[in-house]
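Novice: Hey, dropping start.tsv in here, TSV, C-alpha atoms:
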chain	number	residue	atom	x	y	z
A	776	MET	CA	-45.67	-9.96	43.48
A	777	LEU	CA	-44.91	-9.25	39.88
A	778	ASP	CA	-47.05	-11.81	38.11
A	779	ARG	CA	-50.54	-11.36	36.79
A	780	ASN	CA	-52.51	-14.43	37.73
A	781	GLU	CA	-55.52	-12.51	39.00
A	782	ASP	CA	-57.57	-12.37	35.81
A	783	ILE	CA	-56.88	-16.02	35.11
A	784	LEU	CA	-58.07	-17.15	38.53
A	785	GLN	CA	-61.11	-14.90	38.29
A	786	ALA	CA	-61.96	-16.50	34.94
A	787	ALA	CA	-61.70	-19.94	36.56
A	788	GLU	CA	-64.14	-18.88	39.28
A	789	ASP	CA	-66.51	-17.35	36.73
A	790	TRP	CA	-66.46	-20.46	34.54
A	791	LYS	CA	-67.18	-22.70	37.51
A	792	LYS	CA	-70.10	-20.52	38.59
A	793	GLU	CA	-71.50	-20.70	35.07
A	794	GLY	CA	-71.64	-24.45	35.56
A	795	ARG	CA	-68.60	-25.38	33.46
A	796	GLY	CA	-66.09	-28.06	34.38
A	797	VAL	CA	-62.84	-26.31	35.24
A	798	ALA	CA	-59.27	-27.45	35.90
A	799	LEU	CA	-56.38	-25.47	37.32
A	800	ALA	CA	-52.80	-26.27	36.28
A	801	THR	CA	-49.95	-24.91	38.39
A	802	VAL	CA	-46.21	-25.05	37.74
A	803	MET	CA	-44.86	-26.55	40.96
A	804	GLU	CA	-41.23	-27.26	40.16
A	805	THR	CA	-38.79	-26.16	37.50
A	806	TRP	CA	-35.26	-27.21	36.59
A	807	GLY	CA	-32.96	-25.63	34.06
A	808	SER	CA	-34.24	-23.03	31.64
A	809	ALA	CA	-37.95	-23.36	32.33
A	810	PRO	CA	-39.76	-20.39	30.80
A	811	ARG	CA	-42.39	-19.84	33.51
A	812	PRO	CA	-41.71	-19.79	37.25
A	813	ALA	CA	-43.31	-21.98	39.91
A	814	GLY	CA	-46.76	-20.71	40.74
A	815	SER	CA	-47.67	-19.90	37.14
A	816	ASN	CA	-51.23	-20.97	36.31
A	817	LEU	CA	-53.14	-22.24	33.35
A	818	VAL	CA	-56.90	-22.59	33.69
A	819	ILE	CA	-58.89	-24.84	31.41
A	820	ASN	CA	-62.62	-25.38	30.98
A	821	ASP	CA	-64.49	-28.40	29.66
A	822	GLU	CA	-64.72	-26.84	26.19
A	823	GLY	CA	-60.92	-26.83	26.01
A	824	THR	CA	-60.73	-23.04	26.34
A	825	PHE	CA	-57.66	-22.04	28.34
A	826	LEU	CA	-56.05	-18.91	29.77
A	827	GLY	CA	-52.60	-18.28	31.18
A	828	SER	CA	-49.48	-20.35	30.60
A	829	VAL	CA	-47.21	-22.87	32.24
A	830	SER	CA	-44.46	-22.73	29.62
A	831	GLY	CA	-43.48	-20.72	26.60
A	832	GLY	CA	-46.37	-22.38	24.77
A	833	CYS	CA	-44.77	-25.72	24.05
A	834	VAL	CA	-46.60	-27.93	26.54
A	835	GLU	CA	-49.93	-26.13	26.89
A	836	GLY	CA	-51.57	-28.44	24.37
A	837	ALA	CA	-50.63	-31.51	26.38
A	838	VAL	CA	-51.70	-29.90	29.66
A	839	VAL	CA	-55.10	-29.03	28.20
A	840	THR	CA	-55.59	-32.64	27.07
A	841	GLU	CA	-54.67	-33.96	30.53
A	842	ALA	CA	-56.84	-31.29	32.16
A	843	LEU	CA	-59.90	-32.54	30.30
A	844	ASP	CA	-59.23	-36.00	31.82
A	845	VAL	CA	-58.88	-34.43	35.26
A	846	ILE	CA	-62.17	-32.56	34.83
A	847	ALA	CA	-63.85	-35.86	33.88
A	848	SER	CA	-62.30	-37.99	36.64
A	849	GLY	CA	-61.89	-35.44	39.43
A	850	GLU	CA	-58.48	-36.98	40.24
A	851	PRO	CA	-55.52	-34.57	40.38
A	852	LYS	CA	-52.38	-35.38	38.36
A	853	MET	CA	-48.75	-34.37	38.46
A	854	LEU	CA	-47.33	-34.00	34.94
A	855	GLU	CA	-43.68	-33.70	34.05
A	856	PHE	CA	-42.35	-32.18	30.84
A	857	GLY	CA	-38.95	-31.60	29.37
A	858	VAL	CA	-39.18	-28.30	27.53
A	859	ALA	CA	-38.38	-28.91	23.86
A	860	ASP	CA	-34.86	-27.97	22.85
A	861	GLU	CA	-36.25	-25.98	19.94
A	862	THR	CA	-37.97	-23.66	22.39
A	863	ALA	CA	-34.92	-23.49	24.56
A	864	TRP	CA	-32.78	-22.40	21.61
A	865	ASN	CA	-35.13	-19.49	21.02
A	866	VAL	CA	-34.21	-17.96	24.35
A	867	GLY	CA	-30.55	-18.72	23.84
A	868	LEU	CA	-30.37	-21.76	26.11
A	869	SER	CA	-29.66	-25.12	24.62
A	870	CYS	CA	-29.94	-27.13	27.83
A	871	GLY	CA	-33.71	-27.45	27.74
A	872	GLY	CA	-35.48	-27.52	31.07
A	873	THR	CA	-37.97	-29.55	33.01
A	874	ILE	CA	-41.21	-28.50	34.62
A	875	ARG	CA	-43.61	-30.34	36.89
A	876	VAL	CA	-47.22	-29.23	36.58
A	877	PHE	CA	-50.00	-30.09	39.03
A	878	VAL	CA	-53.45	-30.33	37.44
A	879	GLU	CA	-56.52	-30.32	39.67
A	880	LYS	CA	-60.23	-29.98	39.21
A	881	VAL	CA	-61.96	-26.89	40.62
A	882	GLY	CA	-65.01	-27.58	42.77
B	695	MET	CA	-59.12	-26.96	44.46
B	696	LYS	CA	-62.40	-26.23	46.16
B	697	LEU	CA	-64.45	-23.48	44.57
B	698	GLU	CA	-64.58	-21.83	47.99
B	699	THR	CA	-60.76	-21.71	48.12
B	700	LEU	CA	-60.63	-20.15	44.67
B	701	GLU	CA	-63.25	-17.59	45.70
B	702	GLN	CA	-61.24	-16.69	48.79
B	703	ILE	CA	-58.06	-16.28	46.73
B	704	ASN	CA	-59.85	-13.93	44.36
B	705	ILE	CA	-61.37	-11.90	47.20
B	706	GLU	CA	-57.97	-11.48	48.86
B	707	ARG	CA	-56.30	-10.55	45.59
B	708	ALA	CA	-58.94	-7.99	44.70
B	709	ALA	CA	-58.38	-6.40	48.12
B	710	ARG	CA	-54.59	-6.39	47.53
B	711	ARG	CA	-53.99	-8.73	50.49
B	712	PRO	CA	-51.45	-11.54	50.14
B	713	VAL	CA	-52.73	-15.10	50.34
B	714	PHE	CA	-50.97	-18.48	50.29
B	715	VAL	CA	-52.21	-21.83	49.06
B	716	VAL	CA	-50.37	-24.77	50.63
B	717	THR	CA	-50.83	-28.03	48.72
B	718	ASP	CA	-49.72	-31.41	50.02
B	719	VAL	CA	-48.34	-32.85	46.81
B	720	ALA	CA	-48.87	-36.49	47.74
B	721	SER	CA	-52.48	-36.21	48.87
B	722	GLY	CA	-53.64	-33.14	46.95
B	723	GLU	CA	-54.89	-31.73	50.27
B	724	GLN	CA	-54.96	-27.94	50.34
B	725	ARG	CA	-55.23	-25.13	52.82
B	726	LEU	CA	-55.39	-21.39	52.48
B	727	VAL	CA	-53.39	-19.00	54.65
B	728	LYS	CA	-54.45	-15.37	54.68
B	729	ALA	CA	-52.01	-12.61	55.50
B	730	ALA	CA	-53.89	-11.88	58.73
B	731	ASP	CA	-53.28	-15.48	59.90
B	732	LEU	CA	-49.64	-15.61	58.88
B	733	ALA	CA	-48.17	-14.80	62.29
B	734	ALA	CA	-49.91	-17.79	63.89
B	735	ASP	CA	-49.14	-20.27	61.11
B	736	PRO	CA	-46.67	-23.13	61.75
B	737	LEU	CA	-45.01	-22.37	58.40
B	738	ARG	CA	-44.86	-18.61	59.05
B	739	GLU	CA	-41.11	-18.24	58.51
B	740	GLU	CA	-41.12	-20.00	55.16
B	741	LEU	CA	-44.26	-18.20	54.05
B	742	ALA	CA	-42.98	-14.77	55.06
B	743	LYS	CA	-39.74	-15.38	53.20
B	744	GLN	CA	-41.56	-16.50	50.08
B	745	LEU	CA	-43.84	-13.47	50.27
B	746	ARG	CA	-40.86	-11.14	50.49
B	747	MET	CA	-39.27	-12.78	47.47
B	748	GLY	CA	-42.57	-13.01	45.62
B	749	ARG	CA	-41.70	-16.63	44.93
B	750	SER	CA	-43.80	-19.77	44.97
B	751	ALA	CA	-41.90	-22.96	45.75
B	752	MET	CA	-41.88	-26.53	47.00
B	753	ILE	CA	-40.93	-26.93	50.66
B	754	GLU	CA	-40.54	-29.87	53.01
B	755	ALA	CA	-42.28	-29.89	56.38
B	756	ASP	CA	-42.69	-32.87	58.73
B	757	GLY	CA	-41.43	-35.15	55.98
B	758	ARG	CA	-44.12	-34.00	53.57
B	759	LYS	CA	-43.62	-32.21	50.28
B	760	LEU	CA	-45.71	-29.05	50.23
B	761	PHE	CA	-46.14	-26.59	47.41
B	762	VAL	CA	-46.60	-23.05	48.64
B	763	ASN	CA	-48.20	-20.80	46.05
B	764	VAL	CA	-47.85	-17.16	46.99
B	765	HIS	CA	-50.50	-14.87	45.61
B	766	ALA	CA	-49.05	-11.47	46.37
B	767	PRO	CA	-50.52	-8.20	45.18
B	768	THR	CA	-48.89	-6.60	42.18
B	769	ALA	CA	-46.46	-3.98	43.42
B	770	GLN	CA	-47.42	-0.48	42.52
B	771	LEU	CA	-45.46	2.71	42.18
B	772	VAL	CA	-47.10	6.04	42.85
B	773	VAL	CA	-45.13	8.95	41.46
B	774	ILE	CA	-45.93	12.45	42.69
B	775	GLY	CA	-44.66	14.76	39.99
B	776	ALA	CA	-44.93	14.45	36.21
B	777	VAL	CA	-41.37	15.72	35.83
B	778	HIS	CA	-38.42	14.77	33.63
B	779	ILE	CA	-37.15	12.15	36.09
B	780	SER	CA	-40.61	10.57	36.10
B	781	GLN	CA	-40.53	10.23	32.32
B	782	ALA	CA	-37.46	7.99	32.76
B	783	LEU	CA	-38.74	6.32	35.94
B	784	VAL	CA	-42.15	5.20	34.69
B	785	PRO	CA	-41.06	2.89	31.84
B	786	MET	CA	-38.32	1.46	34.04
B	787	ALA	CA	-40.77	0.66	36.84
B	788	ARG	CA	-43.13	-0.94	34.35
B	789	ALA	CA	-40.33	-3.12	33.01
B	790	LEU	CA	-39.82	-4.31	36.59
B	791	GLY	CA	-43.51	-5.26	36.79
B	792	TYR	CA	-44.98	-2.37	38.74
B	793	ASP	CA	-48.39	-0.84	38.14
B	794	VAL	CA	-47.55	2.85	37.88
B	795	THR	CA	-49.66	5.95	38.49
B	796	VAL	CA	-48.44	9.52	38.13
B	797	VAL	CA	-50.07	12.33	40.10
B	798	ASP	CA	-49.40	16.02	39.43
B	799	PRO	CA	-51.98	18.83	39.66
B	800	ARG	CA	-50.00	20.93	37.18
B	801	THR	CA	-51.64	20.13	33.87
B	802	ALA	CA	-48.68	21.47	31.92
B	803	PHE	CA	-46.63	18.65	33.44
B	804	ALA	CA	-49.30	15.97	33.67
B	805	SER	CA	-50.02	15.78	29.96
B	806	PRO	CA	-50.58	12.62	27.94
B	807	GLU	CA	-48.02	13.84	25.40
B	808	ARG	CA	-45.35	13.65	28.09
B	809	PHE	CA	-46.68	10.37	29.56
B	810	PRO	CA	-48.29	8.33	26.82
B	811	ASP	CA	-50.27	5.28	28.02
B	812	VAL	CA	-49.63	6.03	31.70
B	813	PRO	CA	-52.42	6.43	34.26
B	814	LEU	CA	-52.06	10.12	34.94
B	815	ILE	CA	-54.06	12.08	37.50
B	816	ALA	CA	-53.92	15.86	37.16
B	817	GLU	CA	-55.22	16.53	40.68
B	818	TRP	CA	-53.84	17.54	44.06
B	819	PRO	CA	-52.55	14.61	46.13
B	820	ASP	CA	-55.29	15.09	48.74
B	821	GLU	CA	-57.91	14.40	46.08
B	822	ALA	CA	-56.09	11.77	44.06
B	823	LEU	CA	-54.39	9.59	46.67
B	824	PRO	CA	-57.35	8.26	48.67
B	825	ARG	CA	-58.60	6.56	45.49
B	826	LEU	CA	-55.30	4.86	44.73
B	827	ASN	CA	-55.11	2.05	47.31
B	828	VAL	CA	-51.74	3.20	48.55
B	829	ASP	CA	-50.68	0.25	50.73
B	830	ARG	CA	-47.73	-1.83	51.92
B	831	PHE	CA	-47.17	-3.15	48.40
B	832	THR	CA	-46.76	0.41	47.16
B	833	ALA	CA	-43.58	2.34	46.54
B	834	PHE	CA	-44.16	6.05	46.80
B	835	VAL	CA	-41.93	8.75	45.38
B	836	ALA	CA	-42.37	12.51	45.58
B	837	VAL	CA	-40.31	14.31	42.98
B	838	THR	CA	-42.02	17.62	42.20
B	839	HIS	CA	-39.62	19.72	44.31
B	840	ASP	CA	-42.71	21.75	45.25
B	841	PRO	CA	-43.65	21.56	48.96
B	842	LYS	CA	-47.27	22.42	48.19
B	843	ILE	CA	-47.51	19.14	46.28
B	844	ASP	CA	-44.88	16.86	47.87
B	845	ASP	CA	-45.64	17.57	51.54
B	846	PRO	CA	-49.33	16.58	51.62
B	847	ALA	CA	-48.48	13.56	49.47
B	848	LEU	CA	-45.83	12.41	51.95
B	849	LEU	CA	-48.21	12.89	54.88
B	850	HIS	CA	-50.66	10.59	53.11
B	851	ALA	CA	-47.94	8.02	52.38
B	852	PHE	CA	-46.94	7.91	56.08
B	853	LYS	CA	-50.42	6.66	56.97
B	854	SER	CA	-50.47	3.99	54.26
B	855	GLY	CA	-47.64	1.65	55.28
B	856	CYS	CA	-45.81	1.95	51.92
B	857	PHE	CA	-42.79	-0.35	51.69
B	858	TYR	CA	-40.80	2.52	50.27
B	859	ILE	CA	-41.10	6.30	50.49
B	860	GLY	CA	-38.62	8.53	48.69
B	861	ALA	CA	-38.43	12.27	48.17
B	862	LEU	CA	-36.27	14.20	45.77
B	863	GLY	CA	-34.06	16.97	47.07
B	864	SER	CA	-30.62	17.70	48.46
B	865	ARG	CA	-29.82	17.27	52.15
B	866	LYS	CA	-30.52	20.97	52.63
B	867	THR	CA	-33.87	20.77	50.87
B	868	HIS	CA	-34.70	17.70	52.89
B	869	ALA	CA	-33.80	19.39	56.18
B	870	ARG	CA	-36.31	22.15	55.39
B	871	ARG	CA	-38.88	19.50	54.41
B	872	VAL	CA	-38.35	17.73	57.76
B	873	GLU	CA	-39.08	20.97	59.61
B	874	ARG	CA	-42.29	21.54	57.63
B	875	LEU	CA	-43.52	17.95	58.04
B	876	LYS	CA	-42.81	18.00	61.78
B	877	ALA	CA	-44.79	21.22	62.08
B	878	GLN	CA	-47.66	19.37	60.46
B	879	GLY	CA	-47.51	16.57	62.99
B	880	ALA	CA	-45.29	13.93	61.35
B	881	SER	CA	-43.57	11.65	63.88
B	882	ASP	CA	-39.83	11.03	64.03
B	883	ALA	CA	-40.38	7.48	62.76
B	884	GLU	CA	-42.37	8.78	59.81
B	885	ILE	CA	-39.70	11.33	58.97
B	886	ALA	CA	-37.03	8.62	59.25
B	887	SER	CA	-38.92	6.42	56.80
B	888	ILE	CA	-38.29	8.87	53.95
B	889	HIS	CA	-35.42	7.95	51.67
B	890	ALA	CA	-33.83	11.32	51.03
B	891	PRO	CA	-31.81	12.22	49.11
B	892	ILE	CA	-33.72	9.74	46.96
B	893	GLY	CA	-32.04	6.75	45.32
B	894	LEU	CA	-28.87	4.75	45.88
B	895	ALA	CA	-25.67	6.80	45.77
B	896	ILE	CA	-24.35	5.81	42.34
B	897	GLY	CA	-23.34	9.27	41.17
B	898	ALA	CA	-26.44	9.55	38.99
B	899	VAL	CA	-26.52	12.65	36.76
B	900	SER	CA	-29.11	12.24	33.99
B	901	PRO	CA	-32.83	11.60	34.63
B	902	GLY	CA	-32.34	8.03	33.42
B	903	GLU	CA	-29.51	7.47	35.88
B	904	VAL	CA	-31.51	8.97	38.73
B	905	ALA	CA	-34.34	6.61	37.75
B	906	VAL	CA	-31.94	3.65	37.95
B	907	SER	CA	-30.81	4.72	41.41
B	908	ILE	CA	-34.42	5.10	42.58
B	909	MET	CA	-35.57	1.74	41.19
B	910	ALA	CA	-32.50	0.04	42.70
B	911	GLU	CA	-33.32	1.51	46.11
B	912	ILE	CA	-36.98	0.47	45.75
B	913	THR	CA	-35.92	-3.06	44.76
B	914	ALA	CA	-33.71	-3.31	47.83
B	915	ALA	CA	-36.58	-2.13	50.04
B	916	LEU	CA	-38.85	-4.75	48.47
B	917	ARG	CA	-36.52	-7.73	48.48
B	918	LEU	CA	-33.99	-7.41	51.29
B	919	PRO	CA	-35.04	-8.63	54.72
B	920	LYS	CA	-36.02	-5.95	57.21
B	921	ALA	CA	-34.31	-5.90	60.56
B	922	GLY	CA	-36.22	-8.11	62.99
B	923	ALA	CA	-38.51	-9.61	60.33
B	924	PRO	CA	-38.36	-13.23	59.17
Mind turning this structure into structure tokens?
Specialist:
Amino acid sequence: MLDRNEDILQAAEDWKKEGRGVALATVMETWGSAPRPAGSNLVINDEGTFLGSVSGGCVEGAVVTEALDVIASGEPKMLEFGVADETAWNVGLSCGGTIRVFVEKVG
Amino acid sequence: MKLETLEQINIERAARRPVFVVTDVASGEQRLVKAADLAADPLREELAKQLRMGRSAMIEADGRKLFVNVHAPTAQLVVIGAVHISQALVPMARALGYDVTVVDPRTAFASPERFPDVPLIAEWPDEALPRLNVDRFTAFVAVTHDPKIDDPALLHAFKSGCFYIGALGSRKTHARRVERLKAQGASDAEIASIHAPIGLAIGAVSPGEVAVSIMAEITAALRLPKAGAP
């Protein structure tokens, strides 16, 4: 109830209707000190423009790269990341964390 | 995700209706469950629980791994009364993720100097409230201490299914309020839905402490299971 995915998902719809290739990335599972909860979204278009986040910023680059593949192939992917320790230290947790992100094409 | 599914999600969200997307992780297959169809859904208990907690999560059903993404409306807090307590309550509610609106027809109270950056409506509740989408994801507090303002606001809240209604005032003040509201046609159930005296009993003294007690009571109303509900 307290997240703000609405503008992100609206942007994904708008992009698609403009004829862009669009992918939707969703955090599906988290372990340890993952910075964004399950359900968090990142939307990516075929120009590499993205909105939202699936982590504190550390894995977005990799997700965008994979998303471009997904847009091209149409095949969904499940990605798994260990959140870098450096990021974890910043929030006072040294244990790191792991997130699993589902990337799917829209349309 | 099909474009049609995404469109439906956005329509439901814009209308402040909850919607679920259930994804079969192995196959990528997806289905949408609207709030109106929740009661008939085979996963209704899980979905209702996740909605209450505002939490998306992986579940197992019939040996399949399913991801349930809950798209719940942002909770809002409507505050009737631009008073001292509200000045403490508003930033606290925002920190908890609520969209907050303050309504008070008294322009001396409802001034931007007292409530910087807060949506502030200096109108009577009868005029202001119909525009505000007061709904079951809304917490509603009436804290003006003025029956001319609080009473009509509460009557509106009764008809809107708010998950929380609170009104400031001692037991004595509340007893008089109950008499007035009954005279205006409020039912016993509606009267009983008012949290009054407002807030959890934590011995709050300062406006900030009263705000803590109110937000704690609102949080409990939002997150704890209701009797008889899944």
Novice: If I put a ball of radius 10 Å at (-66.8, -25.3, 27.8) in the file's coordinates, which residues poke into it when counting only C-alpha atoms, written as an MDAnalysis selection string?
Specialist: chainID A and resid 790 793:797 819:825
Novice: Enumerate as a PyMOL selection string the residues belonging to chain B that approach chain A to within 8 Å, with all atoms listed in the file taken into account.
Specialist: chain B and resi 695-698+700-701+704+707+722+745+748-752+761+763-769+790-792
Novice: Could you work out how far CA of Val906 in chain B lies from CA of Gly893 in chain B, giving the answer in Å with one decimal?
Specialist: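 These atoms are spaced 8.0 Å apart.
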Novice: Enter the distance from CA of Ala822 in chain B to CA of Thr801 in chain B, in Å, rounded to one decimal.
Specialist: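 Atom-to-atom, CA of Ala822 in chain B to CA of Thr801 in chain B, that is 13.9 Å.
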Novice: With only C-alpha atoms as the atoms that count, which of A:Gly872, A:Gly849, A:Asn816, A:Leu854 lies nearest to Ala837 in chain A?
Specialist: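 Ranked by minimum distance to Ala837 in chain A, first place goes to A:Leu854.
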Novice: Quick one: residues within 12 Å of (-55.5, -17.9, 55.4) (file frame), counting only C-alpha atoms, please, as number ranges by chain.
Specialist: B: 699, 702-703, 705-706, 711-716, 724-735, 737-738, 741, 764-765
Novice: Find the residues near Gly775 in chain B: any atom within 9 Å, counting all atoms listed in the file, skip ones fewer than 4 places away on the same chain, and give them as a count of residues only.
Specialist: 17
Novice: Using all atoms listed in the file, determine which residues lie at most 10 Å from range 833-836 of chain A, disregarding the query and same-chain residues fewer than 3 positions distant; provide the list as a ChimeraX atom specification.
Specialist: /A:800,810,817,823,825-830,839-842,855-859,861-862,874
Novice: If you measure from CA of Gln878 in chain B to CA of Leu862 in chain B, what distance in Å do you get, rounded to one decimal?
Specialist: 19.3 Å
Novice: Would you mind telling me which residue in B:Ser907, B:Phe809, B:Pro846, B:Thr913 lies nearest to Val777 in chain B when using only C-alpha atoms?
Specialist: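 Nearest candidate to Val777 in chain B out of B:Ser907, B:Phe809, B:Pro846, B:Thr913: B:Phe809.
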Novice: With all atoms listed in the file as the counted atoms, please give the residues lying no more than 12 Å from Asp756 in chain B, apart from itself and same-chain residues fewer than 2 positions off, as a PyMOL selection string.
Specialist: chain B and resi 718+736-737+753-754+758-760
